[in-house]
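Read the structure below first, then the notes.
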Amino acid sequence: MVKRNVVWTRTADIQFAGILEYWVNRNESNVYAKKLIRLVTERTRQLAENPFICKLSDFENMRVASLGNFSIYYKITNTQIIISAFWDNRQDPKKLLEVLQSKSVS
């Protein structure tokens, strides 16, 4: 299978950065944030090599990769894995619906 490039949308990038910032501030340490970065890096590497390993989500043409309390929502093209959202599953799911249905997920 062809390895695809992983591309983060601006929305997903902002969400991930916000979550990392939250944990650094909450724990007054960057240890957990670094661990989360390693987990996300490894998962996105897996997705690049085999994008169909994760289940389809309820959103059209979107798959979801679970990372415990977090989820990565992504789309697959012939050459790319497009990460549309990085979500903390403890948040209100209605907010996720708004994010994924908006046309600004780019």
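In the structure tokens, the first chain shown is A, the next is B, and so on; residue numbers restart at 1 for each chain, and ligands run from 1 in the order shown.
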
Report as a PyMOL selection string: the residues of range 8-98 of chain A with a DSSP assignment of strand (DSSP E or B), based on the backbone of this structure. chain A and resi 8+55-56+63-67+70-76+80-88

Keeping C-alpha atoms, export the residues of the selection given above as a PDB file, in the first residue's frame.
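Final output, selection-v4.pdb:
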```pdb
ATOM      1  CA  TRP A   8      -3.455  18.722   9.429  1.00  0.00           C
ATOM      2  CA  LYS A  55     -13.464   2.637  11.638  1.00  0.00           C
ATOM      3  CA  LEU A  56     -15.752   4.863   9.629  1.00  0.00           C
ATOM      4  CA  ARG A  63     -12.800   7.917   9.692  1.00  0.00           C
ATOM      5  CA  VAL A  64     -11.943   8.115  13.383  1.00  0.00           C
ATOM      6  CA  ALA A  65      -8.819   6.914  15.171  1.00  0.00           C
ATOM      7  CA  SER A  66      -9.180   6.530  18.912  1.00  0.00           C
ATOM      8  CA  LEU A  67      -6.430   7.452  21.373  1.00  0.00           C
ATOM      9  CA  PHE A  70      -8.909  11.638  22.315  1.00  0.00           C
ATOM     10  CA  SER A  71     -10.001  10.989  18.733  1.00  0.00           C
ATOM     11  CA  ILE A  72      -8.490  11.917  15.397  1.00  0.00           C
ATOM     12  CA  TYR A  73     -11.046  12.491  12.634  1.00  0.00           C
ATOM     13  CA  TYR A  74      -9.588  12.180   9.154  1.00  0.00           C
ATOM     14  CA  LYS A  75     -10.325  11.801   5.454  1.00  0.00           C
ATOM     15  CA  ILE A  76      -8.394   9.733   2.944  1.00  0.00           C
ATOM     16  CA  GLN A  80      -3.010  12.322   1.679  1.00  0.00           C
ATOM     17  CA  ILE A  81      -4.503  11.700   5.081  1.00  0.00           C
ATOM     18  CA  ILE A  82      -6.310  14.925   5.961  1.00  0.00           C
ATOM     19  CA  ILE A  83      -6.802  15.328   9.699  1.00  0.00           C
ATOM     20  CA  SER A  84      -9.976  17.364  10.115  1.00  0.00           C
ATOM     21  CA  ALA A  85     -10.306  17.359  13.903  1.00  0.00           C
ATOM     22  CA  PHE A  86      -8.409  16.384  17.032  1.00  0.00           C
ATOM     23  CA  TRP A  87     -11.034  15.891  19.689  1.00  0.00           C
ATOM     24  CA  ASP A  88     -11.064  15.420  23.454  1.00  0.00           C
TER      25      ASP A  88
END
```

How many Å lie between CA of Arg4 in chain A and CA of Arg38 in chain A, rounded to one decimal?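 These atoms are spaced 19.2 Å apart.
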
Here is a test: counting only C-alpha atoms, which residue of A:Ala12, A:Val6, A:Leu20, A:Leu97 is nearest to Lys35 in chain A?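 Under the stated criterion, the closest residue is A:Leu20.
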
Between CA of Glu42 in chain A and CA of Asn69 in chain A, measure the distance and give it in Å to one decimal.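 Answer for the CA of Glu42 in chain A to CA of Asn69 in chain A separation: 16.0 Å.
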
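Atom pair CA of Asn25 in chain A / CA of Leu96 in chain A: separated by 23.3 Å.
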